[in-house]
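run.txt, holding compact mmCIF, C-alpha atoms:
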```
# COMPACT_ATOMS: atom_id res chain seq x y z
CA MET A 1 23.83 17.39 -1.59
CA ASN A 2 24.02 21.08 -2.43
CA ALA A 3 22.61 24.00 -0.44
CA ALA A 4 19.55 24.39 -2.67
CA ALA A 5 18.63 20.74 -2.17
CA LEU A 6 19.05 21.06 1.58
CA ILE A 7 16.81 24.15 1.64
CA GLN A 8 14.23 22.30 -0.44
CA LEU A 9 14.38 19.35 1.96
CA ALA A 10 14.02 21.63 4.99
CA ILE A 11 11.01 23.41 3.46
CA SER A 12 9.44 20.04 2.59
CA ALA A 13 9.99 18.81 6.16
CA GLY A 14 8.32 21.96 7.45
CA ALA A 15 5.39 21.41 5.09
CA VAL A 16 5.08 17.80 6.31
CA ALA A 17 4.98 18.97 9.92
CA ALA A 18 2.33 21.57 9.05
CA MET A 19 0.15 19.02 7.22
CA VAL A 20 0.41 16.50 10.06
CA GLY A 21 -0.46 19.24 12.55
CA LEU A 22 -3.45 20.25 10.45
CA ALA A 23 -4.60 16.61 10.24
CA ALA A 24 -4.32 16.32 14.04
CA PHE A 25 -6.27 19.54 14.50
CA ALA A 26 -8.95 18.58 11.99
CA THR A 27 -9.52 15.14 13.48
CA ARG A 28 -9.35 16.11 17.18
CA GLY A 29 -12.17 14.70 19.24
CA ARG A 30 -12.96 12.09 16.60
CA ARG A 31 -11.88 8.93 18.34
CA ALA A 32 -12.90 5.58 16.96
CA PRO A 33 -15.71 4.07 19.08
CA PRO A 34 -14.65 1.33 21.51
CA LEU A 35 -14.80 -2.17 20.15
CA ASP A 36 -17.95 -4.11 21.04
CA GLU A 37 -18.66 -7.80 20.47
CA ALA A 38 -20.64 -7.31 17.25
CA THR A 39 -17.94 -5.10 15.71
CA ALA A 40 -15.19 -7.48 16.78
CA ARG A 41 -17.02 -10.43 15.23
CA ARG A 42 -17.55 -8.49 12.01
CA TRP A 43 -13.84 -7.57 11.79
CA LEU A 44 -12.79 -11.14 12.56
CA ALA A 45 -15.19 -12.50 9.94
CA ASP A 46 -13.62 -10.17 7.35
CA GLU A 47 -10.08 -11.03 8.39
CA PHE A 48 -10.60 -14.79 8.75
CA PRO A 49 -13.44 -15.80 6.43
CA GLY A 50 -15.17 -19.04 7.36
CA VAL A 51 -13.40 -19.41 10.70
CA THR A 52 -15.56 -20.45 13.65
CA ILE A 53 -15.16 -18.51 16.88
CA ASP A 54 -15.41 -20.64 20.03
CA ARG A 55 -14.95 -17.79 22.53
CA LEU A 56 -14.33 -14.09 22.34
CA TRP A 57 -12.76 -11.69 24.83
CA ILE A 58 -12.96 -7.92 24.33
CA GLY A 59 -10.31 -5.67 25.82
CA ALA A 60 -11.50 -3.51 28.71
CA ASP A 61 -10.41 -0.35 26.86
CA GLY A 62 -12.24 -1.39 23.67
CA CYS A 63 -9.00 -1.34 21.69
CA GLY A 64 -8.72 -5.00 20.83
CA ALA A 65 -10.10 -8.49 21.11
CA LEU A 66 -8.92 -12.06 21.29
CA ALA A 67 -10.86 -15.04 20.00
CA ARG A 68 -10.28 -18.75 20.33
CA SER A 69 -10.87 -20.86 17.24
CA GLY A 70 -9.88 -24.44 17.97
CA GLU A 71 -6.13 -24.48 18.51
CA ALA A 72 -5.72 -20.98 17.07
CA ALA A 73 -6.00 -17.58 18.69
CA LEU A 74 -7.32 -14.74 16.53
CA VAL A 75 -5.91 -11.40 17.60
CA LEU A 76 -7.54 -8.07 16.74
CA SER A 77 -5.73 -4.91 17.80
CA ARG A 78 -6.35 -1.20 17.30
CA MET A 79 -4.19 0.52 14.68
CA GLY A 80 -5.00 4.20 14.48
CA ASP A 81 -8.72 4.26 13.77
CA GLY A 82 -8.61 0.80 12.20
CA TYR A 83 -7.41 -2.63 13.29
CA PHE A 84 -4.88 -5.24 12.36
CA ALA A 85 -5.38 -8.96 12.88
CA ARG A 86 -3.18 -12.00 13.21
CA LYS A 87 -3.63 -15.71 13.87
CA ILE A 88 -1.28 -17.35 16.38
CA ALA A 89 -1.19 -20.65 18.23
CA TRP A 90 -3.64 -20.79 21.13
CA THR A 91 -0.93 -22.04 23.47
CA ALA A 92 1.16 -18.94 22.72
CA ALA A 93 -1.80 -16.71 23.57
CA ALA A 94 -2.71 -18.69 26.69
CA HIS A 95 0.82 -18.41 28.06
CA ALA A 96 1.43 -14.78 27.08
CA PRO A 97 2.49 -12.51 29.95
CA VAL A 98 0.14 -10.05 31.67
CA LYS A 99 1.62 -6.90 33.14
CA ASP A 100 -0.37 -4.08 34.73
CA GLY A 101 -3.58 -5.58 33.42
CA ARG A 102 -2.36 -5.76 29.85
CA LEU A 103 -1.81 -8.95 27.93
CA SER A 104 1.24 -8.76 25.66
CA LEU A 105 0.88 -11.15 22.74
CA PRO A 106 4.08 -11.89 20.82
CA LEU A 107 3.32 -11.91 17.08
CA ALA A 108 6.94 -12.47 16.00
CA GLU A 109 6.71 -10.25 12.94
CA PHE A 110 8.73 -7.18 12.02
CA ALA A 111 5.51 -5.73 10.59
CA ALA A 112 3.59 -6.36 13.81
CA PRO A 113 5.89 -7.24 16.70
CA ARG A 114 3.18 -7.60 19.36
CA ALA A 115 -0.39 -6.84 20.27
CA VAL A 116 -1.23 -5.49 23.70
CA LEU A 117 -4.77 -6.12 24.93
CA ALA A 118 -6.42 -4.91 28.15
CA LEU A 119 -7.37 -8.36 29.42
CA LYS A 120 -6.86 -8.39 33.17
CA ALA A 121 -7.88 -11.93 34.07
CA TRP A 122 -5.64 -14.02 31.90
CA PRO A 123 -5.50 -16.86 31.21
CA PRO A 124 -9.23 -17.47 31.67
CA LYS A 125 -9.99 -19.73 34.61
CA ASP A 126 -13.00 -21.50 33.08
CA GLY A 127 -11.00 -24.04 31.17
CA ALA A 128 -10.76 -22.11 27.91
CA ALA A 129 -6.98 -22.12 28.29
CA MET B 130 18.30 30.69 -11.36
CA LYS B 131 17.81 27.26 -12.90
CA ILE B 132 14.17 26.34 -13.47
CA PRO B 133 13.54 22.65 -12.60
CA THR B 134 12.18 20.47 -15.39
CA ASP B 135 11.24 17.54 -13.13
CA PRO B 136 7.43 17.43 -13.12
CA VAL B 137 7.37 16.04 -9.56
CA THR B 138 9.44 18.95 -8.22
CA LEU B 139 7.25 21.42 -10.09
CA ALA B 140 4.10 19.79 -8.71
CA THR B 141 5.23 19.62 -5.06
CA PRO B 142 3.49 22.91 -4.06
CA LEU B 143 0.31 21.53 -5.64
CA PHE B 144 0.66 18.33 -3.59
CA ILE B 145 0.92 20.35 -0.37
CA LEU B 146 -1.96 22.69 -1.17
CA THR B 147 -4.33 19.91 -2.23
CA VAL B 148 -3.59 17.74 0.83
CA ILE B 149 -4.34 20.79 3.01
CA GLY B 150 -7.49 21.44 0.96
CA GLU B 151 -8.70 17.84 1.29
CA ILE B 152 -8.14 17.84 5.07
CA VAL B 153 -9.97 21.15 5.53
CA LEU B 154 -12.88 20.28 3.23
CA ALA B 155 -13.26 16.87 4.90
CA ARG B 156 -13.28 18.58 8.32
CA PHE B 157 -16.26 20.65 7.27
CA GLY B 158 -17.98 17.70 5.63
CA LYS B 159 -17.68 19.08 2.11
CA VAL B 160 -15.87 16.07 0.65
CA LYS B 161 -15.49 12.40 1.53
CA ALA B 162 -12.02 11.89 2.99
CA HIS B 163 -10.71 10.21 6.13
CA TYR B 164 -7.44 11.29 7.73
CA GLU B 165 -5.79 9.81 10.80
CA THR B 166 -2.90 11.73 12.29
CA ARG B 167 -0.29 8.97 12.63
CA ASP B 168 -1.27 7.47 9.29
CA THR B 169 -0.83 10.86 7.63
CA ALA B 170 2.51 11.38 9.36
CA THR B 171 3.75 8.01 8.12
CA SER B 172 2.62 8.65 4.55
CA LEU B 173 4.21 12.07 4.36
CA THR B 174 7.44 10.93 6.04
CA MET B 175 7.69 8.09 3.53
CA GLY B 176 7.21 10.61 0.73
CA LEU B 177 9.78 13.03 2.11
CA PHE B 178 12.54 10.46 2.48
CA SER B 179 11.73 8.54 -0.71
CA THR B 180 13.27 11.42 -2.66
CA LEU B 181 16.53 10.98 -0.72
CA SER B 182 16.58 7.19 -0.87
CA GLY B 183 16.25 7.32 -4.64
CA LEU B 184 19.35 9.47 -5.13
CA PRO B 185 22.06 6.74 -5.02
CA PHE B 186 20.39 4.74 -7.78
CA ALA B 187 19.28 7.73 -9.85
CA GLY B 188 22.86 8.14 -11.05
CA VAL B 189 23.21 4.44 -11.86
CA SER B 190 19.96 4.29 -13.81
CA PHE B 191 20.68 7.50 -15.70
CA ALA B 192 24.20 6.31 -16.57
CA GLY B 193 22.75 3.02 -17.81
CA ALA B 194 20.17 4.86 -19.88
CA MET B 195 22.84 7.13 -21.38
CA TRP B 196 25.05 4.17 -22.30
CA LEU B 197 22.15 2.42 -24.04
CA TYR B 198 21.14 5.67 -25.74
CA HIS B 199 24.62 5.87 -27.26
CA HIS B 200 23.93 2.45 -28.80
CA ARG B 201 20.33 3.30 -29.76
CA LEU B 202 18.41 1.72 -32.61
CA PHE B 203 16.68 4.87 -33.86
CA ASN B 204 17.07 8.62 -33.64
CA ILE B 205 13.98 10.01 -31.95
CA PRO B 206 14.00 13.83 -31.69
CA MET B 207 12.95 15.33 -28.38
CA THR B 208 11.51 18.34 -30.22
CA ALA B 209 8.96 16.41 -32.31
CA ALA B 210 5.33 16.19 -31.14
CA TRP B 211 4.98 12.65 -32.50
CA ALA B 212 7.93 11.60 -30.35
CA TRP B 213 6.13 12.81 -27.21
CA VAL B 214 3.00 10.90 -28.25
CA LEU B 215 5.12 7.79 -28.76
CA VAL B 216 6.98 8.11 -25.45
CA PHE B 217 3.67 8.70 -23.66
CA PHE B 218 2.33 5.32 -24.79
CA ALA B 219 5.67 3.52 -24.43
CA GLU B 220 6.27 4.83 -20.90
CA ASP B 221 2.72 4.12 -19.81
CA LEU B 222 2.94 0.51 -21.04
CA THR B 223 6.29 0.17 -19.25
CA TYR B 224 4.68 1.50 -16.07
CA TYR B 225 1.89 -1.07 -16.39
CA LEU B 226 4.45 -3.89 -16.61
CA PHE B 227 6.48 -2.47 -13.72
CA HIS B 228 3.39 -2.11 -11.57
CA ARG B 229 2.05 -5.57 -12.40
CA TRP B 230 5.36 -7.25 -11.57
CA SER B 231 5.56 -5.14 -8.41
CA HIS B 232 2.39 -6.89 -7.25
CA GLU B 233 2.96 -10.36 -8.67
CA ARG B 234 6.60 -11.07 -7.67
CA ARG B 235 7.56 -10.89 -4.01
CA ILE B 236 11.00 -9.28 -4.45
CA TRP B 237 9.42 -6.32 -6.22
CA TRP B 238 6.37 -6.35 -3.95
CA ALA B 239 8.79 -5.84 -1.05
CA ALA B 240 9.71 -2.47 -2.55
CA HIS B 241 6.13 -1.51 -3.42
CA VAL B 242 4.14 -2.85 -0.46
CA ASN B 243 4.66 0.29 1.63
CA HIS B 244 2.54 2.28 -0.85
CA HIS B 245 -0.40 -0.01 -0.05
CA SER B 246 0.11 -0.19 3.70
CA SER B 247 -2.26 2.60 4.73
CA GLN B 248 -5.77 1.66 5.80
CA HIS B 249 -6.83 5.06 4.48
CA TYR B 250 -7.17 6.32 0.95
CA ASN B 251 -6.57 10.02 0.58
CA LEU B 252 -4.15 12.34 -1.18
CA SER B 253 -1.47 11.77 1.46
CA THR B 254 -1.54 8.06 0.58
CA ALA B 255 -0.25 8.97 -2.88
CA LEU B 256 2.91 10.31 -1.25
CA ARG B 257 3.59 7.08 0.70
CA GLN B 258 6.38 6.16 -1.72
CA THR B 259 9.04 3.47 -1.67
CA TRP B 260 12.46 3.76 -0.07
CA THR B 261 13.79 0.60 -1.72
CA GLY B 262 12.80 0.88 -5.38
CA GLY B 263 16.43 1.44 -6.35
CA VAL B 264 17.58 -1.74 -4.61
CA ALA B 265 14.79 -3.74 -6.24
CA GLY B 266 16.13 -2.65 -9.64
CA THR B 267 12.76 -2.02 -11.26
CA TRP B 268 14.20 1.14 -12.83
CA ALA B 269 15.86 -1.20 -15.36
CA LEU B 270 12.47 -1.76 -16.99
CA TRP B 271 12.66 1.74 -18.49
CA LEU B 272 16.14 1.22 -20.01
CA PRO B 273 14.88 -0.33 -23.27
CA LEU B 274 13.16 2.97 -24.10
CA SER B 275 16.58 4.64 -24.27
CA PHE B 276 17.92 1.76 -26.35
CA LEU B 277 15.02 2.31 -28.76
CA GLY B 278 16.15 5.92 -29.13
CA PHE B 279 14.12 8.02 -26.71
CA PRO B 280 16.48 10.54 -25.05
CA PRO B 281 16.88 9.61 -21.33
CA ALA B 282 15.78 13.12 -20.28
CA MET B 283 12.59 12.64 -22.29
CA VAL B 284 11.89 9.32 -20.56
CA ALA B 285 12.59 10.89 -17.14
CA ILE B 286 10.18 13.76 -17.82
CA GLU B 287 7.48 11.35 -19.00
CA LYS B 288 7.97 9.22 -15.87
CA GLY B 289 7.51 12.36 -13.80
CA ILE B 290 4.34 13.31 -15.70
CA SER B 291 2.94 9.84 -15.01
CA LEU B 292 3.76 10.10 -11.29
CA VAL B 293 2.11 13.52 -11.05
CA TYR B 294 -0.98 12.23 -12.91
CA GLN B 295 -1.31 9.37 -10.45
CA TYR B 296 -1.38 11.74 -7.50
CA TRP B 297 -4.92 13.06 -7.97
CA ILE B 298 -6.50 9.61 -8.29
CA HIS B 299 -5.70 8.81 -4.63
CA THR B 300 -8.92 10.20 -3.26
CA GLU B 301 -12.42 9.26 -2.18
CA ALA B 302 -13.55 12.83 -2.74
CA ILE B 303 -14.24 12.12 -6.42
CA GLY B 304 -16.83 9.47 -7.20
CA ARG B 305 -16.78 8.60 -10.85
CA MET B 306 -15.61 10.60 -13.85
CA PRO B 307 -17.62 10.78 -17.12
CA ARG B 308 -17.99 7.37 -18.79
CA TRP B 309 -15.70 8.17 -21.72
CA PHE B 310 -12.98 9.22 -19.25
CA GLU B 311 -13.43 6.10 -17.09
CA ALA B 312 -13.15 4.00 -20.25
CA VAL B 313 -9.76 5.36 -21.26
CA PHE B 314 -8.01 6.84 -18.25
CA ASN B 315 -7.04 5.66 -14.79
CA THR B 316 -9.39 7.38 -12.34
CA PRO B 317 -10.01 7.61 -8.59
CA SER B 318 -12.65 4.86 -8.93
CA HIS B 319 -10.29 2.48 -10.77
CA HIS B 320 -7.46 3.18 -8.36
CA ARG B 321 -9.61 2.72 -5.25
CA VAL B 322 -10.13 -0.81 -6.51
CA HIS B 323 -6.38 -1.21 -6.91
CA HIS B 324 -5.77 -0.16 -3.28
CA ALA B 325 -8.55 -2.33 -1.86
CA ARG B 326 -7.91 -5.53 0.10
CA ASN B 327 -11.30 -7.09 -0.66
CA PRO B 328 -10.51 -10.45 -2.29
CA CYS B 329 -12.50 -9.61 -5.43
CA TYR B 330 -10.39 -6.50 -5.97
CA LEU B 331 -6.91 -7.98 -5.42
CA ASP B 332 -4.31 -7.72 -8.19
CA SER B 333 -6.22 -5.50 -10.56
CA ASN B 334 -6.02 -2.07 -12.22
CA TYR B 335 -2.26 -1.65 -12.54
CA ALA B 336 -2.57 1.32 -14.89
CA GLY B 337 -0.52 4.47 -14.67
CA ILE B 338 -2.38 6.98 -16.84
CA LEU B 339 -4.30 4.79 -19.32
CA ILE B 340 -6.62 2.08 -18.01
CA ILE B 341 -6.66 0.55 -21.50
CA TRP B 342 -3.69 -1.71 -20.63
CA ASP B 343 -5.71 -3.42 -17.88
CA ARG B 344 -8.63 -3.84 -20.24
CA MET B 345 -6.30 -5.31 -22.90
CA PHE B 346 -4.41 -7.67 -20.58
CA GLY B 347 -7.35 -8.88 -18.48
CA THR B 348 -6.55 -7.19 -15.18
CA PHE B 349 -9.36 -4.63 -15.20
CA GLN B 350 -11.87 -4.68 -12.34
CA PRO B 351 -14.54 -1.97 -12.03
CA GLU B 352 -15.52 -0.57 -8.65
CA LEU B 353 -18.73 -2.30 -7.56
CA ASP B 354 -21.53 -0.36 -5.88
CA ASP B 355 -22.25 -3.19 -3.42
CA GLU B 356 -18.60 -3.88 -2.54
CA ALA B 357 -17.08 -0.85 -0.83
CA PRO B 358 -13.27 -0.95 -0.93
CA ARG B 359 -11.49 -1.76 2.34
CA TYR B 360 -7.99 -0.34 2.11
CA GLY B 361 -4.63 -1.65 3.21
CA LEU B 362 -2.87 -4.98 3.06
CA VAL B 363 -4.27 -8.51 3.31
CA HIS B 364 -2.39 -8.63 6.64
CA ASN B 365 -2.31 -5.04 7.84
CA LEU B 366 0.72 -3.64 9.60
CA GLY B 367 0.74 -3.33 13.37
CA ALA B 368 2.96 -0.24 13.50
CA PHE B 369 3.21 3.27 12.07
CA ASN B 370 7.00 3.37 12.30
CA PRO B 371 8.26 4.30 8.79
CA LEU B 372 11.22 1.93 9.16
CA ARG B 373 8.86 -1.00 9.71
CA VAL B 374 6.67 0.20 6.84
CA ALA B 375 9.62 0.50 4.46
CA PHE B 376 11.47 -2.69 5.32
CA HIS B 377 9.01 -5.22 6.77
CA GLU B 378 8.66 -7.34 3.65
CA TRP B 379 12.44 -7.35 3.08
CA VAL B 380 12.91 -8.58 6.66
CA ALA B 381 10.25 -11.26 6.10
CA ILE B 382 11.99 -12.40 2.89
CA GLY B 383 15.30 -12.56 4.75
CA ALA B 384 13.76 -14.69 7.50
CA ASP B 385 12.27 -17.08 4.95
CA LEU B 386 15.58 -17.35 3.07
CA ILE B 387 17.49 -18.13 6.26
CA ARG B 388 14.94 -20.76 7.31
CA GLN B 389 14.60 -22.45 3.91
CA PRO B 390 17.39 -21.37 1.55
CA GLN B 391 16.63 -24.30 -0.75
CA HIS B 392 13.42 -22.48 -1.76
CA ALA B 393 15.17 -19.17 -2.48
CA LEU B 394 13.74 -18.81 -5.98
CA GLY B 395 10.20 -19.28 -4.72
CA TRP B 396 10.66 -16.92 -1.78
CA LEU B 397 12.07 -14.22 -4.07
CA PHE B 398 10.18 -14.61 -7.32
CA GLY B 399 7.00 -16.39 -6.28
CA PRO B 400 3.87 -14.32 -5.80
CA PRO B 401 3.47 -12.58 -2.44
CA GLY B 402 2.17 -15.17 0.02
CA TRP B 403 3.83 -18.07 -1.79
CA SER B 404 5.20 -20.83 0.43
CA PRO B 405 6.58 -24.28 -0.38
CA ASP B 406 3.75 -26.07 1.42
CA GLY B 407 1.01 -23.69 0.28
CA SER B 408 0.17 -22.82 3.89
CA ARG B 409 0.06 -19.07 3.24
CA ASP B 410 -2.48 -17.02 1.33
CA THR B 411 -1.76 -15.65 -2.12
CA SER B 412 -4.05 -13.31 -4.04
CA ALA B 413 -5.07 -16.25 -6.21
CA SER B 414 -5.99 -18.45 -3.24
CA LEU B 415 -7.88 -15.61 -1.53
CA LYS B 416 -9.81 -14.87 -4.70
CA ALA B 417 -10.61 -18.56 -5.18
CA ALA B 418 -11.85 -18.88 -1.57
CA TRP B 419 -13.95 -15.75 -1.97
CA ALA B 420 -15.45 -17.05 -5.24
CA ALA B 421 -16.26 -20.40 -3.59
CA CYS B 422 -18.01 -18.58 -0.71
CA GLN B 423 -20.01 -16.49 -3.19
CA ALA B 424 -21.06 -19.58 -5.15
CA GLN B 425 -22.09 -21.34 -1.94
CA ALA B 426 -24.15 -18.33 -0.86
CA GLU B 427 -25.85 -18.19 -4.27
CA ARG B 428 -26.70 -21.91 -4.11
CA GLU B 429 -28.21 -21.49 -0.65
CA ALA B 430 -30.23 -18.48 -1.79
CA ALA B 431 -31.60 -20.31 -4.87
```

Using the file provided, produce a representation of the structure as structure tokens.
Amino acid sequence: MNAAALIQLAISAGAVAAMVGLAAFATRGRRAPPLDEATARRWLADEFPGVTIDRLWIGADGCGALARSGEAALVLSRMGDGYFARKIAWTAAAHAPVKDGRLSLPLAEFAAPRAVLALKAWPPKDGAA
Amino acid sequence: MKIPTDPVTLATPLFILTVIGEIVLARFGKVKAHYETRDTATSLTMGLFSTLSGLPFAGVSFAGAMWLYHHRLFNIPMTAAWAWVLVFFAEDLTYYLFHRWSHERRIWWAAHVNHHSSQHYNLSTALRQTWTGGVAGTWALWLPLSFLGFPPAMVAIEKGISLVYQYWIHTEAIGRMPRWFEAVFNTPSHHRVHHARNPCYLDSNYAGILIIWDRMFGTFQPELDDEAPRYGLVHNLGAFNPLRVAFHEWVAIGADLIRQPQHALGWLFGPPGWSPDGSRDTSASLKAAWAACQAQAEREAA
């Protein structure tokens, strides 16, 4: 790589930093609203059409939700100002570790290694697990 | 001082200025555009390093094109206007094929998926380019143009023009263009459909510059007023890390190959979502399920 190319790369990197900084400045104070039950159900209905939800738990910080659908657990987790969703076995969700009030769900994917939800009382004691 | 002839290099200042313009205008509510800081950072980082990752294979593809050009069928002069008209159509059709295969065959989807991984649709999304296109070998699709007789430099310039054209259509700030334009050219409306994850929009509008190829080959889908596009992947990513964005599908292919090597052909060349037991969702199965739901809803309403 010659000097001109390196200079071009450095200028481009500077421009990237400036654009990201501008995006951060322009969107400051515009946080996505915390997840409520209706929104979580709507997202889950879009992600898993036709799936019946037996029970739904919303994270205390409004950044995610976990639903039970038969022997499956439907995971919804904040990603920027959107969400990503995955379906895992209910037993994996029920036995996932809780640390400092946060449930860490292993998703076993390079694209989405885990989802962390603010669910303090886990697993639920009312027989759902 | 050597003046660059690569259209993408020439257009880079325009890319930067228009992204800044879209962010600022959106901030003041003058245009429809949604930016998220980490999403923007990922898109722009992907764009920055895609230029570097393409370098090792640029030499290979250019050498291949030169070799074929030496054995060309026809002499096509770079100075003739008709030759530029011809290469425009030939390159655009090649792009359509490349883009369609990049969505319909998993090995090429692995290289292209990163471009669709943002849940946003703005000008920075256009710059979320592949790091693994060279490895995937899709550059070979353009080699026949040199064998036909188009000078490799001419093909490279036309590819650059196509890439620059496709930049401006990555926006929600423009609604619809005049009808005659929408009929012939790829537009923001057509390309929003292409980036949408709604089942009815999957695997459509592969055009580069001319939308006529989609209309001819049955892959055209207009943007519907009552079906707002939802952007991203069928299974959205759970990380902004550019390494995960660039390589996640390659890692998933590798895991599938290790687990079931006897199905290697299917894992590599089947459609994205293909599995031996049909337990995963493909675009076709998602579209079929969506159509069945629509039909059921219509029956219940009647």

Counting all atoms listed in the file, note down every residue that has an atom within 12 Å of the point (0.1, 8.7, -0.4) (file coordinates), as number ranges by chain. B: 144-145, 148, 164, 168-177, 179, 243-259, 292-293, 295-300, 324, 361

Give me, as a list in words, all polymer residues having an atom no more than 6 Å from Tyr335 in chain B, counting all atoms listed in the file and skipping those fewer than 6 positions away in the same chain.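 My list of contacting residues is Tyr225, His228 and Arg229 of chain B.
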
When distances are computed from only C-alpha atoms, which of A:Thr39, A:Ser12, A:Ser69, A:Thr52 shows the smallest separation from chain B?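 Between A:Thr39, A:Ser12, A:Ser69, A:Thr52, the residue approaching chain B most closely is A:Ser12.
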
Counting all atoms listed in the file, figure out which residue out of B:Gly278, B:Pro142, B:Gly399, B:Gly262 gets nearest to chain A.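 Result for the nearest residue to chain A: B:Pro142.
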
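All of the residues in chain A within 7 Å of chain B are Val16, Met19, Val20, Ala23, Ala24, Ala26, Met79, Gly80, Asp81, Phe84, Ala85, Phe110, Ala111 and Ala112 of chain A, where only C-alpha atoms were counted.
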
Within 10 Å of Leu331 in chain B, counting all atoms listed in the file, which residues show up once you throw out same-chain ones fewer than 5 positions away? Write them as a list in words, please.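 Residues meeting the cut-off are His232, Val322, His323, His324, Ala325, Arg326, Thr348, Gln350, Leu362, Val363, Thr411, Ser412, Ala413, Leu415 and Lys416 of chain B.
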
Could you put an axis-aligned box around every listed atom of range 11-26 of chain A, padded by 4 Å on each side, and send me its centre and edge lengths in Å to one decimal, as AutoDock Vina command-line options?
```
--center_x 1.0 --center_y 19.9 --center_z 8.5 --size_x 28.0 --size_y 15.1 --size_z 19.9
```

Nearest to Ala421 in chain B: which of A:Pro49, A:Pro34, A:Gly14, A:Gly21 is it, counting all atoms listed in the file?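 Closest to Ala421 in chain B, using all atoms listed in the file: A:Pro49.
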
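Separating CA of His200 in chain B from CA of Pro281 in chain B is a distance of 12.5 Å.
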
Counting only C-alpha atoms, figure out which residue out of A:Ile53, A:Ala60, A:Ala65, A:Ala92 gets nearest to Glu37 in chain A.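 Selected residue with least distance to Glu37 in chain A: A:Ala65.
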
Expected answer as a list in words: all residues with atoms within 7 Å of (3.8, -14.5, 25.9), all atoms listed in the file: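 Counting all atoms listed in the file, I find these residues within 7 Å of (3.8, -14.5, 25.9): Ala92, Ala93, His95, Ala96, Pro97, Ser104, Leu105 and Pro106 of chain A.
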